[in-house]
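Enquirer: Sharing structure.tsv here; it has TSV, C-alpha atoms.
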chain	number	residue	atom	x	y	z
A	323	MET	CA	-39.39	-153.55	21.06
A	324	VAL	CA	-38.10	-151.07	23.43
A	325	GLY	CA	-35.25	-151.98	25.72
A	326	LYS	CA	-33.60	-150.31	28.63
A	327	GLY	CA	-30.93	-148.50	26.69
A	328	GLY	CA	-33.03	-147.35	23.77
A	329	LEU	CA	-34.77	-148.64	20.70
A	330	GLU	CA	-33.88	-152.08	19.42
A	331	GLN	CA	-35.01	-153.56	16.23
A	332	LYS	CA	-35.52	-157.18	15.72
A	333	MET	CA	-34.03	-158.66	12.52
A	334	SER	CA	-35.97	-161.18	10.52
A	335	ASN	CA	-34.61	-164.69	10.15
A	336	HIS	CA	-33.94	-164.10	6.46
A	337	GLU	CA	-31.73	-161.02	7.13
A	338	GLN	CA	-29.75	-162.81	9.81
A	339	HIS	CA	-29.13	-165.78	7.52
A	340	GLU	CA	-27.93	-163.54	4.65
A	341	THR	CA	-25.38	-161.56	6.68
A	342	SER	CA	-23.93	-164.57	8.46
A	343	HIS	CA	-23.07	-166.44	5.22
A	344	ARG	CA	-21.52	-163.64	3.16
A	345	PRO	CA	-17.95	-164.36	2.09
A	346	VAL	CA	-15.31	-162.16	3.56
A	347	GLN	CA	-14.29	-159.41	1.12
A	348	ARG	CA	-10.61	-159.82	0.22
A	349	LYS	CA	-8.44	-157.05	-0.96
A	350	GLU	CA	-5.96	-159.50	-2.41
A	351	MET	CA	-5.51	-160.41	-6.06
A	352	SER	CA	-6.66	-163.85	-7.14
A	353	ARG	CA	-4.27	-166.29	-8.78
A	354	ARG	CA	-6.12	-165.95	-12.04
A	355	GLN	CA	-5.82	-162.14	-12.00
A	356	PHE	CA	-2.14	-162.36	-11.11
A	357	LEU	CA	-1.46	-164.76	-13.97
A	358	SER	CA	-3.49	-162.64	-16.39
A	359	TYR	CA	-1.65	-159.42	-15.45
A	360	THR	CA	1.76	-161.08	-15.53
A	361	LEU	CA	1.25	-162.67	-18.94
A	362	GLY	CA	-0.30	-159.50	-20.36
A	363	GLY	CA	2.56	-157.32	-19.13
A	364	THR	CA	5.20	-159.73	-20.41
A	365	THR	CA	3.52	-159.93	-23.82
A	366	ALA	CA	3.29	-156.13	-24.07
A	367	PHE	CA	6.96	-155.77	-23.11
A	368	MET	CA	8.06	-158.34	-25.71
A	369	MET	CA	5.88	-156.79	-28.44
A	370	GLY	CA	7.31	-153.37	-27.65
A	371	GLY	CA	10.81	-154.81	-27.94
A	372	ALA	CA	9.97	-156.14	-31.40
A	373	VAL	CA	8.01	-153.15	-32.71
A	374	LEU	CA	10.14	-150.22	-31.49
A	375	PRO	CA	13.18	-151.04	-33.69
A	376	MET	CA	10.88	-151.23	-36.71
A	377	VAL	CA	9.34	-147.85	-35.91
A	378	ARG	CA	12.76	-146.31	-35.39
A	379	PHE	CA	13.98	-147.83	-38.68
A	380	ALA	CA	11.09	-146.18	-40.52
A	381	VAL	CA	11.17	-142.80	-38.76
A	382	ASP	CA	14.90	-142.17	-38.16
A	383	PRO	CA	15.77	-141.03	-41.71
A	384	LEU	CA	12.88	-138.56	-41.59
A	385	LEU	CA	14.09	-137.02	-38.34
A	386	LYS	CA	17.71	-136.73	-39.45
A	387	LYS	CA	18.71	-133.11	-40.02
A	388	LYS	CA	19.50	-132.29	-43.58
A	389	GLY	CA	22.79	-130.51	-43.94
A	390	GLU	CA	23.51	-127.87	-46.48
A	391	GLY	CA	24.05	-129.15	-49.99
A	392	THR	CA	27.55	-130.25	-50.74
A	393	PHE	CA	29.36	-129.17	-53.86
A	394	VAL	CA	31.29	-131.56	-56.11
A	395	LYS	CA	34.34	-130.58	-58.15
A	396	VAL	CA	33.50	-131.19	-61.82
A	397	VAL	CA	35.86	-129.39	-64.20
A	398	GLU	CA	38.43	-126.62	-64.53
A	399	GLU	CA	36.84	-123.26	-65.24
A	400	SER	CA	39.23	-122.69	-68.20
A	401	LYS	CA	37.64	-125.63	-70.09
A	402	ILE	CA	34.19	-124.03	-70.08
A	403	THR	CA	33.14	-122.38	-73.35
A	404	ASN	CA	30.05	-120.60	-74.65
A	405	GLU	CA	29.03	-123.86	-76.34
A	406	PRO	CA	27.34	-126.31	-73.88
A	407	GLN	CA	29.45	-129.34	-73.01
A	408	GLU	CA	28.43	-132.53	-71.26
A	409	PHE	CA	30.33	-133.33	-68.06
A	410	LYS	CA	29.91	-136.43	-65.92
A	411	PHE	CA	30.59	-136.50	-62.19
A	412	LYS	CA	29.88	-138.68	-59.17
A	413	ILE	CA	28.26	-137.72	-55.89
A	414	HIS	CA	28.17	-139.53	-52.55
A	415	GLN	CA	24.53	-140.23	-51.77
A	416	ILE	CA	22.96	-141.63	-48.60
A	417	ASP	CA	19.37	-142.76	-48.99
A	418	GLY	CA	18.20	-144.06	-45.63
A	419	TRP	CA	20.84	-146.69	-44.87
A	420	TYR	CA	21.82	-147.25	-48.50
A	421	GLU	CA	24.98	-145.49	-49.63
A	422	SER	CA	25.88	-145.13	-53.28
A	423	GLU	CA	27.90	-143.03	-55.70
A	424	PRO	CA	25.72	-142.46	-58.76
A	425	GLU	CA	27.11	-140.80	-61.86
A	426	LEU	CA	25.33	-137.59	-62.82
A	427	VAL	CA	25.53	-135.46	-65.94
A	428	ALA	CA	25.45	-131.70	-66.39
A	429	TRP	CA	25.52	-129.49	-69.47
A	430	ILE	CA	27.88	-126.64	-68.53
A	431	SER	CA	28.48	-123.44	-70.52
A	432	LYS	CA	28.91	-119.68	-70.18
A	433	ASN	CA	26.25	-117.07	-70.88
A	434	GLU	CA	26.76	-113.78	-72.80
A	435	ASN	CA	28.21	-112.17	-69.64
A	436	GLY	CA	30.76	-114.95	-69.17
A	437	GLU	CA	28.98	-116.43	-66.13
A	438	VAL	CA	29.12	-120.21	-65.83
A	439	PHE	CA	25.84	-122.12	-65.49
A	440	ALA	CA	24.98	-125.82	-65.54
A	441	LEU	CA	21.74	-127.45	-66.69
A	442	SER	CA	20.26	-130.80	-65.80
A	443	PRO	CA	19.97	-133.21	-68.76
A	444	ILE	CA	16.53	-134.44	-67.67
A	445	CYS	CA	13.67	-133.36	-69.93
A	446	LYS	CA	10.81	-131.73	-68.01
A	447	HIS	CA	8.20	-133.42	-70.21
A	448	LEU	CA	8.63	-137.10	-69.33
A	449	GLY	CA	12.14	-137.39	-67.90
A	450	CYS	CA	14.14	-138.53	-70.92
A	451	THR	CA	17.77	-137.43	-71.38
A	452	ILE	CA	18.30	-134.42	-73.63
A	453	ALA	CA	21.24	-133.76	-75.97
A	454	TRP	CA	22.77	-130.53	-77.24
A	455	ASN	CA	22.49	-129.70	-80.95
A	456	ALA	CA	21.35	-133.19	-81.94
A	457	LYS	CA	19.38	-131.75	-84.89
A	458	GLY	CA	21.84	-128.97	-85.77
A	459	GLN	CA	19.61	-126.10	-84.54
A	460	ASN	CA	21.76	-124.98	-81.56
A	461	GLU	CA	19.24	-126.13	-78.98
A	462	TYR	CA	18.71	-129.01	-76.58
A	463	ASP	CA	16.59	-131.78	-78.08
A	464	CYS	CA	14.73	-134.60	-76.36
A	465	PRO	CA	14.64	-137.79	-78.46
A	466	CYS	CA	11.47	-139.14	-76.79
A	467	HIS	CA	8.78	-136.61	-77.72
A	468	ASP	CA	10.68	-133.89	-79.57
A	469	ALA	CA	10.81	-131.39	-76.69
A	470	ARG	CA	13.20	-128.52	-77.41
A	471	TYR	CA	15.04	-126.03	-75.17
A	472	THR	CA	17.26	-122.97	-75.74
A	473	LYS	CA	20.90	-122.82	-74.65
A	474	ASP	CA	19.71	-121.30	-71.32
A	475	GLY	CA	17.21	-124.15	-70.82
A	476	LYS	CA	14.04	-122.24	-71.75
A	477	ASN	CA	11.33	-124.57	-73.04
A	478	LEU	CA	10.41	-124.05	-76.71
A	479	ALA	CA	8.16	-127.00	-77.54
A	480	VAL	CA	6.26	-129.83	-75.79
A	481	ALA	CA	7.64	-129.36	-72.23
A	482	ASN	CA	5.78	-126.97	-69.93
A	483	THR	CA	8.74	-125.77	-67.84
A	484	PRO	CA	12.43	-124.96	-68.47
A	485	LEU	CA	15.26	-127.35	-67.68
A	486	ASP	CA	16.41	-127.43	-64.06
A	487	GLU	CA	19.84	-126.07	-63.22
A	488	TYR	CA	22.57	-126.98	-60.77
A	489	GLU	CA	23.83	-124.63	-58.10
A	490	VAL	CA	27.25	-123.46	-59.32
A	491	ASN	CA	30.23	-122.40	-57.23
A	492	ILE	CA	33.59	-121.41	-58.70
A	493	ASP	CA	36.57	-121.73	-56.39
A	494	ALA	CA	40.32	-121.79	-57.13
A	495	GLY	CA	39.75	-122.14	-60.88
A	496	PHE	CA	37.38	-125.12	-60.63
A	497	VAL	CA	33.65	-125.41	-61.22
A	498	TYR	CA	31.75	-127.06	-58.37
A	499	LEU	CA	28.15	-128.21	-58.78
A	500	GLY	CA	25.61	-128.50	-55.98
A	501	ALA	CA	21.96	-129.48	-55.76
A	502	ILE	CA	19.48	-129.24	-58.63
A	503	LYS	CA	17.05	-126.34	-58.40
A	504	PRO	CA	14.38	-124.87	-60.66
A	505	ASN	CA	15.77	-122.73	-63.45
A	506	SER	CA	16.16	-119.16	-62.17
A	507	ARG	CA	17.20	-117.68	-65.51
A	508	PHE	CA	13.61	-116.85	-66.55
Once more with this new file: its structure as structure tokens, please.
Expert:
Amino acid sequence: MVGKGGLEQKMSNHEQHETSHRPVQRKEMSRRQFLSYTLGGTTAFMMGGAVLPMVRFAVDPLLKKKGEGTFVKVVEESKITNEPQEFKFKIHQIDGWYESEPELVAWISKNENGEVFALSPICKHLGCTIAWNAKGQNEYDCPCHDARYTKDGKNLAVANTPLDEYEVNIDAGFVYLGAIKPNSRF
């Protein structure tokens, strides 16, 4: 139908009925949504409070900067001979949050040039403890599988690599030992 002011369209009864009974669109949050968001947020906050300390406990030792190796006073330099001698010493060790003072052992002697060196007593074959001249052949012997090493720690039988050595520092007439490192004598 055409009216005075322009074109008018007539709506069907069905279209009028549908638009008049539509609910009003709210922009508000329902009670159920509010409760769901509140409980979800609270649960996430509480779980974070429980989990974060565990994550920090696991990761913190890994992120801690490692300082330079510390040296431990072991023996007077005048007591060192060309024949290897066993010396025991303690170190302060921090492993995560566990602190201890384990006793370590080193075989210390002088080489042909009079330089002091210290070898680890741990066999490179299977980790047993070696002894000097146990069989009277002027070499280190491992009692577990008969591995043998020279005075300098070079492997002669069974083991594939030489004995490890300690970092050595001589200061004010005393021998100080540091971290264990691969044998640099060969």
Enquirer: Ranking A:Leu485, A:Ile402, A:Ile430, A:Ile416 by minimum distance to A:Lys503 and counting all atoms listed in the file, which one comes first?
Expert: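 Counting all atoms listed in the file, the residue closest to A:Lys503 is A:Leu485.
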Enquirer: Select, from A:Asp468, A:Glu350, A:Glu489, A:Glu405, the residue with the minimum atom-to-atom distance to A:Thr392, counting only C-alpha atoms.
Expert: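 Going through A:Asp468, A:Glu350, A:Glu489, A:Glu405 one by one, the smallest distance to A:Thr392 is for A:Glu489.
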Enquirer: Measuring between all atoms listed in the file, which one of A:Trp454, A:Phe439, A:Tyr498, A:Phe367 shows the shortest distance to A:Thr472?
Expert: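 Ranking A:Trp454, A:Phe439, A:Tyr498, A:Phe367 by distance to A:Thr472, first place goes to A:Trp454.
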Enquirer: Neighbouring residues of A:Arg470 were defined as those with any atom within 9 Å, considering all atoms listed in the file; residues of the same chain fewer than 2 positions away were excluded. Please report them as a list of chain:residue names.
Expert: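 In the requested format, the answer is A:Cys445, A:Ile452, A:Glu461, A:Tyr462, A:Asp463, A:Cys464, A:Asp468, A:Thr472, A:Gly475, A:Lys476, A:Asn477, A:Leu478, A:Ala479, A:Val480, A:Ala481.
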Enquirer: Just to confirm, what's the straight-line distance from atom CA of A:Leu441 to atom CA of A:Glu421 in Å (one decimal)?
Expert: 25.0 Å
Enquirer: Just to confirm, what's the straight-line distance from atom CA of A:Lys412 to atom CA of A:Leu499 in Å (one decimal)?
Expert: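 Between atom CA of A:Lys412 and atom CA of A:Leu499 the gap works out to 10.6 Å.
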Enquirer: Measure the distance from atom CA of A:Trp429 to atom CA of A:Pro406 in Å and round it to one decimal.
Expert: 5.7 Å
Enquirer: Up to 12 Å from (23.4, -141.5, -63.3) in the file's coordinates: name the residues, counting all atoms listed in the file, as a tab-separated table (two decimals) with C-alpha atoms, keeping the file's coordinate frame.
Expert:
chain	number	residue	atom	x	y	z
A	409	PHE	CA	30.33	-133.33	-68.06
A	410	LYS	CA	29.91	-136.43	-65.92
A	411	PHE	CA	30.59	-136.50	-62.19
A	412	LYS	CA	29.88	-138.68	-59.17
A	413	ILE	CA	28.26	-137.72	-55.89
A	414	HIS	CA	28.17	-139.53	-52.55
A	415	GLN	CA	24.53	-140.23	-51.77
A	422	SER	CA	25.88	-145.13	-53.28
A	423	GLU	CA	27.90	-143.03	-55.70
A	424	PRO	CA	25.72	-142.46	-58.76
A	425	GLU	CA	27.11	-140.80	-61.86
A	426	LEU	CA	25.33	-137.59	-62.82
A	427	VAL	CA	25.53	-135.46	-65.94
A	428	ALA	CA	25.45	-131.70	-66.39
A	442	SER	CA	20.26	-130.80	-65.80
A	443	PRO	CA	19.97	-133.21	-68.76
A	444	ILE	CA	16.53	-134.44	-67.67
A	451	THR	CA	17.77	-137.43	-71.38
Enquirer: So that I can check the surroundings of A:Ile492, please list as a PyMOL selection string every protein, DNA and RNA residue that reaches within 12 Å of it, counting only C-alpha atoms and ignoring chain neighbours fewer than 5 positions away.
Expert: chain A and resi 393-400+402+437-440+497-500
Enquirer: I need the chosen residues saved as an mmCIF file, in the coordinates of the input, with C-alpha atoms.
Expert:
data_model
loop_
_atom_site.group_PDB
_atom_site.id
_atom_site.type_symbol
_atom_site.label_atom_id
_atom_site.label_comp_id
_atom_site.auth_asym_id
_atom_site.auth_seq_id
_atom_site.Cartn_x
_atom_site.Cartn_y
_atom_site.Cartn_z
ATOM 1 C CA PHE A 393 29.360 -129.170 -53.860
ATOM 2 C CA VAL A 394 31.290 -131.560 -56.110
ATOM 3 C CA LYS A 395 34.340 -130.580 -58.150
ATOM 4 C CA VAL A 396 33.500 -131.190 -61.820
ATOM 5 C CA VAL A 397 35.860 -129.390 -64.200
ATOM 6 C CA GLU A 398 38.430 -126.620 -64.530
ATOM 7 C CA GLU A 399 36.840 -123.260 -65.240
ATOM 8 C CA SER A 400 39.230 -122.690 -68.200
ATOM 9 C CA ILE A 402 34.190 -124.030 -70.080
ATOM 10 C CA GLU A 437 28.980 -116.430 -66.130
ATOM 11 C CA VAL A 438 29.120 -120.210 -65.830
ATOM 12 C CA PHE A 439 25.840 -122.120 -65.490
ATOM 13 C CA ALA A 440 24.980 -125.820 -65.540
ATOM 14 C CA VAL A 497 33.650 -125.410 -61.220
ATOM 15 C CA TYR A 498 31.750 -127.060 -58.370
ATOM 16 C CA LEU A 499 28.150 -128.210 -58.780
ATOM 17 C CA GLY A 500 25.610 -128.500 -55.980
#
